[in-house]
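S.K.: Sharing model_8.cif (mmCIF, C-alpha atoms and all ligand atoms) below.
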data_model
#
loop_
_atom_site.label_atom_id
_atom_site.label_comp_id
_atom_site.auth_asym_id
_atom_site.auth_seq_id
_atom_site.Cartn_x
_atom_site.Cartn_y
_atom_site.Cartn_z
CA MET A 1 -24.93 31.56 -5.21
CA GLN A 2 -26.41 28.15 -5.81
CA HIS A 3 -30.16 27.68 -5.53
CA PRO A 4 -30.94 26.14 -2.08
CA THR A 5 -33.17 23.42 -3.60
CA SER A 6 -30.35 22.31 -5.84
CA GLU A 7 -28.05 22.13 -2.83
CA VAL A 8 -30.56 20.02 -0.93
CA ASN A 9 -31.00 17.72 -3.94
CA GLN A 10 -27.29 17.28 -4.22
CA ARG A 11 -27.02 16.44 -0.55
CA ILE A 12 -29.79 13.87 -0.86
CA SER A 13 -28.09 12.39 -3.93
CA ARG A 14 -24.85 12.16 -2.04
CA ILE A 15 -26.40 10.32 0.86
CA ALA A 16 -28.28 8.03 -1.52
CA ALA A 17 -25.04 7.28 -3.32
CA HIS A 18 -23.62 5.93 -0.08
CA LEU A 19 -26.67 3.98 0.95
CA ASN A 20 -28.20 2.53 -2.16
CA PRO A 21 -25.94 0.01 -3.84
CA SER A 22 -27.71 0.47 -7.18
CA ASN A 23 -26.57 4.08 -7.16
CA LEU A 24 -23.01 2.86 -6.75
CA GLN A 25 -23.11 1.62 -10.29
CA MET A 26 -23.19 4.88 -12.17
CA GLU A 27 -22.28 7.99 -10.35
CA GLU A 28 -23.81 10.11 -13.15
CA ASN A 29 -27.18 8.64 -12.10
CA SER A 30 -26.82 10.14 -8.67
CA GLY A 31 -26.57 13.61 -10.19
CA LEU A 32 -23.36 14.23 -8.32
CA SER A 33 -20.23 15.04 -10.26
CA ARG A 34 -16.76 14.45 -8.85
CA VAL A 35 -16.09 18.16 -8.80
CA ASN A 36 -19.13 18.82 -6.64
CA CYS A 37 -18.19 15.97 -4.42
CA ARG A 38 -14.79 17.38 -3.71
CA ALA A 39 -15.87 20.98 -3.35
CA LYS A 40 -18.88 20.45 -1.12
CA GLY A 41 -18.55 17.15 0.63
CA GLY A 42 -15.24 17.33 2.33
CA SER A 43 -12.13 19.23 3.10
CA PRO A 44 -9.82 20.33 0.31
CA GLY A 45 -7.43 17.48 -0.12
CA PHE A 46 -6.46 14.46 -2.13
CA LYS A 47 -8.44 11.78 -3.91
CA VAL A 48 -7.48 8.30 -2.81
CA ALA A 49 -8.64 4.91 -4.11
CA ILE A 50 -8.27 1.62 -2.25
CA LEU A 51 -8.41 -1.48 -4.50
CA GLY A 52 -9.33 -4.54 -2.45
CA ALA A 53 -11.14 -2.32 0.05
CA ALA A 54 -13.47 -5.03 1.41
CA GLY A 55 -10.64 -7.31 2.53
CA GLY A 56 -8.89 -7.92 5.82
CA ILE A 57 -6.44 -5.07 5.19
CA GLY A 58 -8.79 -3.04 3.00
CA GLN A 59 -11.48 -2.45 5.63
CA PRO A 60 -9.35 -1.06 8.48
CA LEU A 61 -7.28 0.78 5.87
CA ALA A 62 -10.45 2.41 4.52
CA MET A 63 -11.47 3.39 8.04
CA LEU A 64 -8.10 4.93 8.82
CA MET A 65 -7.95 6.79 5.49
CA LYS A 66 -11.45 8.19 6.18
CA MET A 67 -9.90 9.66 9.34
CA ASN A 68 -7.02 11.26 7.45
CA PRO A 69 -7.57 15.02 7.10
CA LEU A 70 -5.51 15.11 3.89
CA VAL A 71 -8.11 12.98 2.09
CA SER A 72 -11.13 14.69 0.50
CA VAL A 73 -12.48 11.82 -1.62
CA LEU A 74 -12.09 8.13 -0.82
CA HIS A 75 -13.00 5.54 -3.45
CA LEU A 76 -13.46 1.96 -2.24
CA TYR A 77 -13.18 -0.71 -4.93
CA ASP A 78 -13.47 -4.47 -4.63
CA VAL A 79 -15.00 -7.40 -6.48
CA VAL A 80 -17.22 -8.20 -3.47
CA ASN A 81 -18.92 -6.43 -0.54
CA THR A 82 -18.07 -2.80 -1.28
CA PRO A 83 -21.65 -1.51 -0.86
CA GLY A 84 -21.69 -2.61 2.78
CA VAL A 85 -18.21 -1.39 3.61
CA THR A 86 -18.94 1.93 1.89
CA ALA A 87 -22.24 2.49 3.68
CA ASP A 88 -20.56 1.69 6.99
CA ILE A 89 -17.48 3.90 6.54
CA SER A 90 -19.53 6.76 5.05
CA HIS A 91 -21.26 7.34 8.41
CA MET A 92 -18.03 8.46 10.03
CA ASP A 93 -18.22 12.22 10.64
CA THR A 94 -14.90 13.07 9.05
CA GLY A 95 -14.26 15.24 5.99
CA ALA A 96 -13.62 12.72 3.23
CA VAL A 97 -16.49 11.78 0.91
CA VAL A 98 -16.64 7.99 0.46
CA ARG A 99 -17.89 6.18 -2.62
CA GLY A 100 -18.04 2.48 -3.37
CA PHE A 101 -17.36 0.64 -6.64
CA LEU A 102 -18.13 -3.02 -7.22
CA GLY A 103 -16.76 -5.31 -9.90
CA GLN A 104 -14.47 -4.80 -12.82
CA GLN A 105 -16.92 -2.80 -14.90
CA GLN A 106 -16.64 -0.05 -12.26
CA LEU A 107 -12.85 -0.09 -11.97
CA GLY A 108 -12.49 2.85 -14.38
CA ASP A 109 -14.91 5.01 -12.38
CA ALA A 110 -13.13 4.08 -9.18
CA LEU A 111 -9.77 5.20 -10.58
CA THR A 112 -10.54 8.28 -12.66
CA GLY A 113 -9.05 11.42 -11.13
CA MET A 114 -7.23 9.71 -8.26
CA ASP A 115 -4.03 11.19 -6.79
CA LEU A 116 -3.07 8.08 -4.82
CA VAL A 117 -4.05 4.43 -5.38
CA ILE A 118 -3.44 1.90 -2.61
CA ILE A 119 -3.61 -1.79 -3.60
CA PRO A 120 -4.19 -4.45 -0.94
CA ALA A 121 -6.17 -6.71 -3.37
CA GLY A 122 -5.38 -10.39 -3.55
CA VAL A 123 -5.19 -13.54 -1.48
CA PRO A 124 -3.17 -13.66 1.77
CA ARG A 125 -1.02 -16.54 3.08
CA LYS A 126 -2.19 -19.54 5.07
CA PRO A 127 0.12 -21.41 7.48
CA GLY A 128 2.93 -23.18 5.63
CA MET A 129 2.77 -20.87 2.59
CA THR A 130 5.47 -18.48 1.44
CA ARG A 131 4.57 -15.16 -0.14
CA ASP A 132 5.77 -16.58 -3.44
CA ASP A 133 3.04 -19.25 -3.23
CA LEU A 134 0.56 -16.41 -3.79
CA PHE A 135 2.14 -15.48 -7.10
CA ASN A 136 -0.19 -17.36 -9.44
CA ILE A 137 -3.36 -15.66 -8.18
CA ASN A 138 -2.09 -12.24 -7.19
CA ALA A 139 0.05 -11.61 -10.28
CA GLY A 140 -3.06 -11.61 -12.48
CA ILE A 141 -5.03 -9.41 -10.06
CA VAL A 142 -2.23 -6.84 -9.92
CA ARG A 143 -1.85 -6.86 -13.70
CA THR A 144 -5.56 -6.14 -14.23
CA LEU A 145 -5.65 -3.37 -11.64
CA CYS A 146 -2.51 -1.74 -13.03
CA GLU A 147 -3.94 -1.82 -16.55
CA GLY A 148 -6.85 0.18 -15.12
CA ILE A 149 -4.49 2.65 -13.46
CA ALA A 150 -2.52 3.13 -16.70
CA LYS A 151 -5.75 3.93 -18.49
CA CYS A 152 -7.65 6.02 -15.94
CA CYS A 153 -5.13 7.73 -13.62
CA PRO A 154 -1.64 7.29 -15.11
CA LYS A 155 -0.25 10.13 -12.99
CA ALA A 156 -1.38 8.70 -9.65
CA ILE A 157 1.09 7.57 -7.01
CA VAL A 158 0.69 3.80 -6.53
CA ASN A 159 1.23 2.10 -3.16
CA LEU A 160 1.40 -1.64 -3.85
CA ILE A 161 0.73 -3.97 -0.91
CA SER A 162 -0.34 -7.22 -2.64
CA ASN A 163 2.14 -10.06 -2.18
CA PRO A 164 4.63 -11.19 -3.26
CA VAL A 165 5.65 -7.49 -3.32
CA ASN A 166 9.12 -8.49 -4.60
CA SER A 167 7.40 -9.65 -7.83
CA THR A 168 4.20 -7.57 -7.96
CA VAL A 169 6.12 -4.27 -8.19
CA PRO A 170 8.09 -5.49 -11.26
CA ILE A 171 4.75 -6.72 -12.68
CA ALA A 172 3.20 -3.27 -12.22
CA ALA A 173 6.25 -1.63 -13.82
CA GLU A 174 6.00 -3.91 -16.87
CA VAL A 175 2.27 -3.21 -17.24
CA PHE A 176 2.88 0.54 -17.07
CA LYS A 177 5.76 0.25 -19.57
CA LYS A 178 3.52 -1.63 -22.00
CA ALA A 179 0.89 1.09 -21.65
CA GLY A 180 3.51 3.81 -22.15
CA SER A 181 2.74 5.41 -18.78
CA TYR A 182 5.59 4.10 -16.61
CA ASP A 183 7.08 6.63 -14.23
CA PRO A 184 9.30 4.81 -11.71
CA ARG A 185 9.00 7.74 -9.29
CA ARG A 186 5.30 6.95 -8.81
CA LEU A 187 5.41 3.23 -8.11
CA LEU A 188 6.17 2.23 -4.52
CA GLY A 189 6.05 -1.26 -3.01
CA VAL A 190 4.91 -0.97 0.60
CA THR A 191 7.50 -2.42 3.01
CA MET A 192 6.45 -0.17 5.87
CA LEU A 193 5.21 -3.09 7.98
CA ASP A 194 8.77 -4.43 8.12
CA VAL A 195 9.93 -1.05 9.45
CA VAL A 196 7.03 -0.89 11.91
CA ARG A 197 7.90 -4.38 13.19
CA ALA A 198 11.62 -3.58 13.36
CA ASN A 199 10.93 -0.44 15.40
CA THR A 200 8.59 -2.32 17.74
CA PHE A 201 10.84 -5.35 18.31
CA ALA A 202 14.03 -3.26 18.67
CA ALA A 203 12.26 -0.94 21.13
CA GLU A 204 11.28 -3.98 23.23
CA VAL A 205 14.93 -5.04 23.48
CA LEU A 206 16.11 -1.50 24.20
CA GLY A 207 13.33 -0.73 26.67
CA LEU A 208 12.31 2.35 24.66
CA ASP A 209 9.06 3.79 23.34
CA PRO A 210 8.73 2.34 19.78
CA ARG A 211 7.84 5.78 18.49
CA ALA A 212 11.34 6.94 19.40
CA VAL A 213 13.04 4.14 17.46
CA ASP A 214 13.86 4.15 13.75
CA VAL A 215 15.34 1.05 12.11
CA PRO A 216 15.90 1.17 8.34
CA VAL A 217 14.82 -2.05 6.62
CA VAL A 218 16.14 -2.60 3.09
CA GLY A 219 16.08 -5.28 0.38
CA GLY A 220 12.59 -6.61 -0.24
CA HIS A 221 9.50 -7.93 1.49
CA ALA A 222 9.85 -11.70 1.99
CA GLY A 223 11.99 -13.84 4.31
CA VAL A 224 15.72 -13.23 3.91
CA THR A 225 15.12 -10.34 1.51
CA ILE A 226 13.88 -8.34 4.54
CA LEU A 227 17.16 -6.88 5.76
CA PRO A 228 16.98 -4.74 8.91
CA LEU A 229 20.02 -2.48 9.30
CA LEU A 230 20.24 -2.60 13.08
CA SER A 231 23.69 -0.96 12.98
CA GLN A 232 21.94 2.18 11.69
CA ALA A 233 19.11 2.14 14.27
CA LYS A 234 18.27 5.45 15.86
CA PRO A 235 18.75 6.49 18.59
CA SER A 236 22.23 5.06 18.21
CA CYS A 237 22.52 1.93 20.31
CA SER A 238 24.37 -1.35 20.37
CA PHE A 239 22.97 -4.87 20.36
CA THR A 240 24.80 -8.07 21.32
CA PRO A 241 25.40 -10.56 18.45
CA LYS A 242 22.62 -12.75 19.90
CA GLU A 243 20.22 -9.82 20.02
CA VAL A 244 21.04 -8.97 16.40
CA ASP A 245 20.42 -12.58 15.35
CA ASP A 246 17.15 -12.87 17.27
CA LEU A 247 15.87 -9.47 16.14
CA THR A 248 16.76 -10.09 12.49
CA ASP A 249 15.04 -13.46 12.59
CA ARG A 250 11.91 -12.04 14.24
CA ILE A 251 11.67 -9.11 11.81
CA GLN A 252 12.14 -11.40 8.80
CA ASN A 253 9.50 -13.81 10.09
CA GLY A 254 7.08 -11.33 11.67
CA GLY A 255 4.52 -12.03 8.96
CA THR A 256 4.74 -15.78 9.54
CA GLU A 257 4.33 -15.21 13.31
CA VAL A 258 0.94 -13.61 12.55
CA VAL A 259 -0.07 -16.17 9.89
CA GLU A 260 0.58 -19.00 12.37
CA ALA A 261 -1.19 -17.26 15.25
CA LYS A 262 -4.23 -16.67 13.02
CA ALA A 263 -4.11 -20.38 12.15
CA GLY A 264 -5.67 -20.23 8.69
CA ALA A 265 -7.73 -17.06 9.18
CA GLY A 266 -5.37 -14.86 7.15
CA SER A 267 -2.20 -12.84 7.56
CA ALA A 268 -1.40 -9.47 9.13
CA THR A 269 -4.30 -7.10 8.48
CA LEU A 270 -4.56 -4.61 11.36
CA SER A 271 -0.86 -3.85 11.73
CA MET A 272 -0.65 -3.80 7.92
CA ALA A 273 -3.50 -1.30 7.66
CA TYR A 274 -1.72 0.83 10.26
CA ALA A 275 1.55 0.60 8.30
CA ALA A 276 -0.19 1.29 4.98
CA VAL A 277 -1.82 4.42 6.37
CA LYS A 278 1.47 5.60 7.84
CA PHE A 279 3.02 5.20 4.40
CA ALA A 280 0.09 6.69 2.47
CA ASP A 281 0.04 9.68 4.82
CA ALA A 282 3.74 10.23 4.10
CA CYS A 283 2.98 10.17 0.35
CA LEU A 284 0.13 12.66 0.76
CA ARG A 285 2.23 15.01 2.89
CA ALA A 286 4.91 14.83 0.17
CA LEU A 287 2.33 15.52 -2.56
CA ARG A 288 1.19 18.54 -0.53
CA GLY A 289 4.75 19.84 -0.67
CA ASP A 290 6.11 18.98 2.78
CA ALA A 291 9.90 18.80 2.76
CA GLY A 292 12.01 15.96 4.13
CA VAL A 293 9.52 13.08 3.77
CA VAL A 294 11.76 10.00 3.95
CA GLU A 295 10.49 6.41 4.23
CA CYS A 296 11.68 2.93 3.25
CA ALA A 297 9.98 1.50 0.15
CA TYR A 298 10.59 -1.12 -2.56
CA VAL A 299 11.20 0.84 -5.74
CA ALA A 300 13.02 0.90 -9.09
CA SER A 301 16.53 1.55 -7.91
CA GLU A 302 20.21 1.81 -8.74
CA VAL A 303 21.35 1.31 -5.16
CA THR A 304 22.43 -2.25 -6.05
CA GLU A 305 22.83 -4.02 -9.39
CA LEU A 306 19.18 -5.19 -9.10
CA PRO A 307 16.48 -3.19 -10.92
CA PHE A 308 14.28 -3.04 -7.78
CA PHE A 309 15.34 -2.71 -4.18
CA ALA A 310 13.91 -1.38 -0.92
CA SER A 311 15.78 1.43 0.79
CA LYS A 312 15.15 4.86 2.20
CA VAL A 313 13.63 7.20 -0.36
CA ARG A 314 12.72 10.87 -0.22
CA ILE A 315 9.24 11.51 -1.55
CA GLY A 316 8.12 14.86 -2.95
CA ARG A 317 5.42 16.42 -5.11
CA THR A 318 6.35 14.27 -8.12
CA GLY A 319 6.83 10.99 -6.28
CA ILE A 320 10.25 9.61 -5.39
CA GLU A 321 12.78 12.42 -5.65
CA GLU A 322 15.84 10.76 -4.15
CA ILE A 323 16.89 7.22 -3.34
CA TYR A 324 19.46 6.94 -0.58
CA ALA A 325 22.44 4.61 -0.66
CA LEU A 326 22.54 1.86 1.96
CA GLY A 327 25.20 3.54 4.07
CA PRO A 328 27.90 1.67 5.98
CA LEU A 329 27.00 -1.99 6.62
CA ASN A 330 28.69 -4.29 9.12
CA GLU A 331 29.84 -7.80 8.23
CA TYR A 332 26.57 -9.41 9.41
CA GLU A 333 24.56 -7.07 7.20
CA ARG A 334 26.88 -7.54 4.20
CA VAL A 335 26.32 -11.31 4.38
CA GLY A 336 22.57 -10.73 4.71
CA LEU A 337 22.64 -8.40 1.70
CA GLU A 338 24.17 -11.06 -0.54
CA LYS A 339 21.49 -13.60 0.49
CA ALA A 340 18.75 -11.03 -0.03
CA LYS A 341 19.98 -10.08 -3.49
CA LYS A 342 20.07 -13.68 -4.67
CA GLU A 343 16.43 -14.31 -3.77
CA LEU A 344 15.31 -10.88 -4.94
CA ALA A 345 16.85 -11.33 -8.39
CA ALA A 346 14.76 -14.48 -8.96
CA SER A 347 11.54 -12.83 -7.69
CA ILE A 348 12.05 -9.79 -9.92
CA GLN A 349 12.74 -11.99 -12.93
CA LYS A 350 9.58 -14.01 -12.24
CA GLY A 351 7.46 -10.84 -12.17
CA VAL A 352 8.95 -9.42 -15.36
CA ALA A 353 8.55 -12.75 -17.19
CA PHE A 354 4.89 -12.97 -16.16
CA VAL A 355 4.00 -9.83 -18.11
CA ARG A 356 6.40 -10.33 -21.02
CA LYS A 357 5.43 -13.95 -21.75
N1 LIG B 401 3.06 -5.58 1.84
C1 LIG B 401 2.86 -6.11 3.04
O1 LIG B 401 3.58 -5.84 3.98
C2 LIG B 401 1.70 -7.03 3.27
C3 LIG B 401 1.34 -7.41 4.59
C4 LIG B 401 0.25 -8.23 4.78
C5 LIG B 401 -0.47 -8.71 3.69
N2 LIG B 401 -0.09 -8.35 2.42
C6 LIG B 401 -0.83 -8.83 1.25
O2 LIG B 401 -1.98 -8.03 1.03
C7 LIG B 401 -2.94 -8.78 0.28
C8 LIG B 401 -4.33 -8.68 0.91
O3 LIG B 401 -4.35 -9.27 2.17
P1 LIG B 401 -5.71 -9.37 3.01
O4 LIG B 401 -5.37 -10.02 4.30
O5 LIG B 401 -6.41 -8.06 3.02
O6 LIG B 401 -6.54 -10.41 2.10
P2 LIG B 401 -8.13 -10.60 2.04
O7 LIG B 401 -8.37 -11.87 1.29
O8 LIG B 401 -8.73 -10.44 3.39
O9 LIG B 401 -8.60 -9.37 1.15
C9 LIG B 401 -8.25 -9.23 -0.18
C10 LIG B 401 -9.36 -8.50 -0.89
O10 LIG B 401 -8.97 -8.36 -2.27
C11 LIG B 401 -10.16 -8.51 -3.03
N3 LIG B 401 -9.86 -8.85 -4.40
C12 LIG B 401 -9.57 -10.04 -4.96
N4 LIG B 401 -9.43 -9.91 -6.29
C13 LIG B 401 -9.61 -8.61 -6.57
C14 LIG B 401 -9.60 -7.85 -7.77
N5 LIG B 401 -9.35 -8.41 -8.95
N6 LIG B 401 -9.83 -6.53 -7.68
C15 LIG B 401 -10.08 -5.95 -6.49
N7 LIG B 401 -10.11 -6.61 -5.33
C16 LIG B 401 -9.89 -7.92 -5.38
C17 LIG B 401 -10.94 -9.61 -2.32
O11 LIG B 401 -12.29 -9.60 -2.70
C18 LIG B 401 -10.72 -9.23 -0.87
O12 LIG B 401 -11.73 -8.37 -0.39
C19 LIG B 401 -2.39 -10.22 0.24
O13 LIG B 401 -1.75 -10.42 -1.01
C20 LIG B 401 -1.38 -10.23 1.35
O14 LIG B 401 -0.37 -11.20 1.15
C21 LIG B 401 0.96 -7.53 2.21
#
Can you give me the file's structure in the form of C-alpha cells?
Ligand SMILES: NC(=O)c1ccc[n+]([C@@H]2O[C@H](COP(=O)([O-])OP(=O)(O)OC[C@H]3O[C@@H](n4cnc5c(N)ncnc54)[C@H](O)[C@@H]3O)[C@@H](O)[C@H]2O)c1
M.R.:
Amino acid sequence: MQHPTSEVNQRISRIAAHLNPSNLQMEENSGLSRVNCRAKGGSPGFKVAILGAAGGIGQPLAMLMKMNPLVSVLHLYDVVNTPGVTADISHMDTGAVVRGFLGQQQLGDALTGMDLVIIPAGVPRKPGMTRDDLFNINAGIVRTLCEGIAKCCPKAIVNLISNPVNSTVPIAAEVFKKAGSYDPRRLLGVTMLDVVRANTFAAEVLGLDPRAVDVPVVGGHAGVTILPLLSQAKPSCSFTPKEVDDLTDRIQNGGTEVVEAKAGAGSATLSMAYAAVKFADACLRALRGDAGVVECAYVASEVTELPFFASKVRIGRTGIEEIYALGPLNEYERVGLEKAKKELAASIQKGVAFVRK
C-alpha cells in the first residue's frame, strides 16, 4: 500500500505537469516517473507520441487520440505552442495521461518508451503548390525527428503523415538504416485519407452509406500516384467509364480541392486527423493482438519493382506482417499503375538521395 500523502503529492505533481509549462521541461522535476504515470493516471494501454502536435492536423489528432481507450499515455511534441495544447487536451476526462514537450531539447523525453509515433510535423501546401514543393522544408524536419526515434524508441511503430509522403517514407527508412535500427515492418506512410476520400466519393455515386464502402487505394500519396482500384470496391458494384474517370480524378485531387477551398489557410487537417486516428487505432488494435487488421499504407514493398508502394497490408503485433498483391486490375487501372510508378520512382529516388548525399 502506498502512503496516502505520497499519492496526493503525485496527483498534484501530475496536474502541475499539465498546467505549468516550466514543469514540461523536465519530467523528473515533477516527481512523476513514466511508470507511475502509466499505472495510476490512465487505463492500461499504449504510449503514443504525436510530433507536430500543435499544428492543424496535430491538434484535432491529439484530441481524438486522447479519446482512444487503447491509449494510456499521450506525448505531444512540437517546436511551438505545446504547453497550451497540452493544458487544453489534458482537461478531457478520458483515460490517457497527456504530457507536453517543447523544442528539440525535449524530443528525446517525448519519444522515450513510446509504442507508436505519429508524425504530422511540417509545412502544408498553399494553393498552386504540389506536395513535392514541400520537400525542401519537410525532408529536414522528418530526418531530425527520425534520428530521435532511432535513438529513443527504435522499436516503435511509426505512422508518417508529413508530405511528400512518397519521399518522406524513403527518407525515414534511410535514417533508420544509417542508425542501424531499420525495421521495414514498423514504418508506415499514412495514405488513409485517400481511402477515406475514395469511400466517401464512391458512396455518393452509389447512394450508399460511406461506412459500408471499401475502396482500396494503392500506389502513393500525390496526384497520379494515388491509384484507386474502383474495380475492387466493396460491396461489389459497377461504375460507368465516366464515373470511373470522375471518381479517379476527384480522389487524386481531393487534397487540392481542400487546399483551394481553404485559399491559403492550409490543407486538409480535420479529415486528415480523422484518417490518421482511424489508421493509428488499427495499428494499436494490431499491437494488442487483434487478428485480421488490414489497411492500405505506403510501405517498403515487393508488390512492384519499386522499393516502396502503397497497398493493403496486414498489421500485427510486430508491425506489418503481410503485404497483399494488387489483385486483378482492369485496363484503366493498368494504365494508371504505369503512370503512378513513373512518378513514384522519381520521388523515392529524391528521398533516398537526400539522406545519402
Ligand atoms: N499524409 C496525408 O494524407 C496528409 C494530408 C494532409 C496533410 N499532410 C501533411 O501533414 C503535414 C502537416 O500539416 P498541417 O496542416 O498540420 O500543418 P501545420 O503547419 O498546421 O502544422 C505543422 C506543425 O508541425 C510543427 N513543426 C514544424 N517543424 C517541426 C519540427 N522540427 N518538429 C516538430 N514539429 C514541427 C509546426 O510547428 C506545426 O505546429 C504537412 O506536411 C502536410 O502536407 C499529409
S.K.: For ligand LIG 401 (chain B), return the neighbouring residues as number ranges by chain (distance at most 6 Å; only C-alpha atoms and all ligand atoms).
M.R.: A: 51-52, 54-58, 78-80, 120-125, 141, 161-163, 190-191, 193, 266-269, 272
S.K.: Restricting the calculation to all atoms listed in the file: of A:Arg197, A:Lys262, A:Arg334, A:Arg186, which residue gets closest to A:Val158?
M.R.: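 That would be A:Arg186, the residue with the smallest distance to A:Val158.
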S.K.: For a test of reading the model, state the distance in Å between atom CA of A:Thr168 and atom CA of A:Ala156, rounded to one decimal.
M.R.: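 Here the two named atoms are 17.3 Å from each other.
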S.K.: Taking into account all atoms listed in the file, which residue in the set A:Ala222, A:Met65, A:Leu187, A:Val196 is nearest to A:Ile50?
M.R.: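 Counting all atoms listed in the file, the residue closest to A:Ile50 is A:Met65.
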S.K.: Report the distance between atom CA of A:Thr248 and atom CA of A:Leu230 in Å, rounded to one decimal place.
M.R.: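 Computing the Euclidean distance for atom CA of A:Thr248 and atom CA of A:Leu230 yields 8.3 Å.
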S.K.: Which one is closest to A:Met114: A:Gly45, A:Pro170, A:Gly264, A:Pro241? Count all atoms listed in the file.
M.R.: A:Gly45
S.K.: Counting all atoms listed in the file, what are the residues of stretch 293-341 of chain A within 12 Å of stretch 207-220 of chain A, and for each of them which pair of atoms is the nearest and at what distance in Å, to one decimal? Sort the table by chain and rising number, as a tab-separated table.
M.R.:
residue	atom	partner	partner_atom	distance
A:Val294	CA	A:Pro216	CA	10.7
A:Glu295	CA	A:Pro216	CA	8.6
A:Cys296	CA	A:Val217	CA	6.8
A:Ala297	CA	A:Val218	CA	8.0
A:Tyr298	CA	A:Gly220	CA	6.3
A:Val299	CA	A:Gly220	CA	9.4
A:Ala300	CA	A:Gly220	CA	11.6
A:Ser301	CA	A:Gly219	CA	10.8
A:Val303	CA	A:Gly219	CA	10.1
A:Thr304	CA	A:Gly219	CA	9.5
A:Glu305	CA	A:Gly219	CA	11.9
A:Leu306	CA	A:Gly219	CA	10.0
A:Pro307	CA	A:Gly219	CA	11.5
A:Phe308	CA	A:Gly220	CA	8.5
A:Phe309	CA	A:Gly219	CA	5.3
A:Ala310	CA	A:Gly219	CA	4.6
A:Ser311	CA	A:Val218	CA	4.7
A:Lys312	CA	A:Pro216	CA	7.2
A:Val313	CA	A:Val218	CA	10.7
A:Ile323	CA	A:Val218	CA	11.8
A:Tyr324	CA	A:Val218	CA	10.7
A:Ala325	CA	A:Val218	CA	10.3
A:Leu326	CA	A:Val218	CA	7.9
A:Gly327	CA	A:Pro216	CA	10.5
A:Leu329	CA	A:Val218	CA	11.4
A:Glu333	CA	A:Val218	CA	10.4
A:Arg334	CA	A:Gly219	CA	11.7
A:Gly336	CA	A:Gly219	CA	9.5
A:Leu337	CA	A:Gly219	CA	7.4
A:Glu338	CA	A:Gly219	CA	10.0
A:Lys339	CA	A:Gly219	CA	9.9
A:Ala340	CA	A:Gly219	CA	6.4
A:Lys341	CA	A:Gly219	CA	7.3
S.K.: Hey, can you check how far atom CA of A:Glu174 sits from atom CA of A:Val352?
M.R.: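 Atom-to-atom, atom CA of A:Glu174 to atom CA of A:Val352, that is 6.4 Å.
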S.K.: Hey, can you pull every residue with an atom no more than 6 Å from (-15.3, 11.2, -1.1), using all atoms listed in the file, and send it as a tab-separated table (two decimals) with C-alpha atoms, in the coordinates of the input?
M.R.:
chain	number	residue	atom	x	y	z
A	72	SER	CA	-11.13	14.69	0.50
A	73	VAL	CA	-12.48	11.82	-1.62
A	74	LEU	CA	-12.09	8.13	-0.82
A	96	ALA	CA	-13.62	12.72	3.23
A	97	VAL	CA	-16.49	11.78	0.91
A	98	VAL	CA	-16.64	7.99	0.46
A	99	ARG	CA	-17.89	6.18	-2.62
S.K.: Nearest to A:Asp246: which of A:Pro60, A:Pro228, A:Pro44, A:Gly292 is it, counting all atoms listed in the file?
M.R.: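 Among A:Pro60, A:Pro228, A:Pro44, A:Gly292, it is A:Pro228 that comes nearest to A:Asp246.
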S.K.: So, with only C-alpha atoms as the atoms that count, which of A:Leu145, A:Ala87, A:Ala172, A:Leu134 lies closest to A:Gln106?
M.R.: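 Result for the nearest residue to A:Gln106: A:Leu145.
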S.K.: Between A:Val335, A:Gly254, A:Gln105, A:Gln349, which is the closest to A:Thr144 once you count all atoms listed in the file?
M.R.: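 Counting all atoms listed in the file, the residue closest to A:Thr144 is A:Gln105.
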S.K.: List every protein, DNA or RNA residue that has at least one atom no more than 12 Å from (22.1, -9.9, 17.2) in the file's coordinates, counting only C-alpha atoms, and write the result as a PDB file with C-alpha atoms, in the coordinates of the input.
M.R.:
ATOM      1  CA  ALA A 202      14.030  -3.260  18.670  1.00  0.00           C
ATOM      2  CA  VAL A 205      14.930  -5.040  23.480  1.00  0.00           C
ATOM      3  CA  PRO A 228      16.980  -4.740   8.910  1.00  0.00           C
ATOM      4  CA  LEU A 229      20.020  -2.480   9.300  1.00  0.00           C
ATOM      5  CA  LEU A 230      20.240  -2.600  13.080  1.00  0.00           C
ATOM      6  CA  SER A 231      23.690  -0.960  12.980  1.00  0.00           C
ATOM      7  CA  SER A 238      24.370  -1.350  20.370  1.00  0.00           C
ATOM      8  CA  PHE A 239      22.970  -4.870  20.360  1.00  0.00           C
ATOM      9  CA  THR A 240      24.800  -8.070  21.320  1.00  0.00           C
ATOM     10  CA  PRO A 241      25.400 -10.560  18.450  1.00  0.00           C
ATOM     11  CA  LYS A 242      22.620 -12.750  19.900  1.00  0.00           C
ATOM     12  CA  GLU A 243      20.220  -9.820  20.020  1.00  0.00           C
ATOM     13  CA  VAL A 244      21.040  -8.970  16.400  1.00  0.00           C
ATOM     14  CA  ASP A 245      20.420 -12.580  15.350  1.00  0.00           C
ATOM     15  CA  ASP A 246      17.150 -12.870  17.270  1.00  0.00           C
ATOM     16  CA  LEU A 247      15.870  -9.470  16.140  1.00  0.00           C
ATOM     17  CA  THR A 248      16.760 -10.090  12.490  1.00  0.00           C
ATOM     18  CA  ASP A 249      15.040 -13.460  12.590  1.00  0.00           C
ATOM     19  CA  ARG A 250      11.910 -12.040  14.240  1.00  0.00           C
ATOM     20  CA  ILE A 251      11.670  -9.110  11.810  1.00  0.00           C
ATOM     21  CA  ASN A 330      28.690  -4.290   9.120  1.00  0.00           C
ATOM     22  CA  TYR A 332      26.570  -9.410   9.410  1.00  0.00           C
ATOM     23  CA  GLU A 333      24.560  -7.070   7.200  1.00  0.00           C
TER      24      GLU A 333
END
S.K.: Could you give me, as JSON lines, every stretch 23-127 of chain A residue with an atom at most 9 Å from stretch 276-280 of chain A, plus its closest atom pair and distance in Å to one decimal, counting only C-alpha atoms, rows ordered by chain then number?
M.R.:
{"residue": "A:Ile57", "atom": "CA", "partner": "A:Ala276", "partner_atom": "CA", "distance": 8.9}
{"residue": "A:Leu61", "atom": "CA", "partner": "A:Val277", "partner_atom": "CA", "distance": 6.6}
{"residue": "A:Leu64", "atom": "CA", "partner": "A:Val277", "partner_atom": "CA", "distance": 6.8}
{"residue": "A:Met65", "atom": "CA", "partner": "A:Val277", "partner_atom": "CA", "distance": 6.6}
{"residue": "A:Asn68", "atom": "CA", "partner": "A:Val277", "partner_atom": "CA", "distance": 8.7}
{"residue": "A:Leu116", "atom": "CA", "partner": "A:Ala280", "partner_atom": "CA", "distance": 8.1}
{"residue": "A:Ile118", "atom": "CA", "partner": "A:Ala280", "partner_atom": "CA", "distance": 7.8}
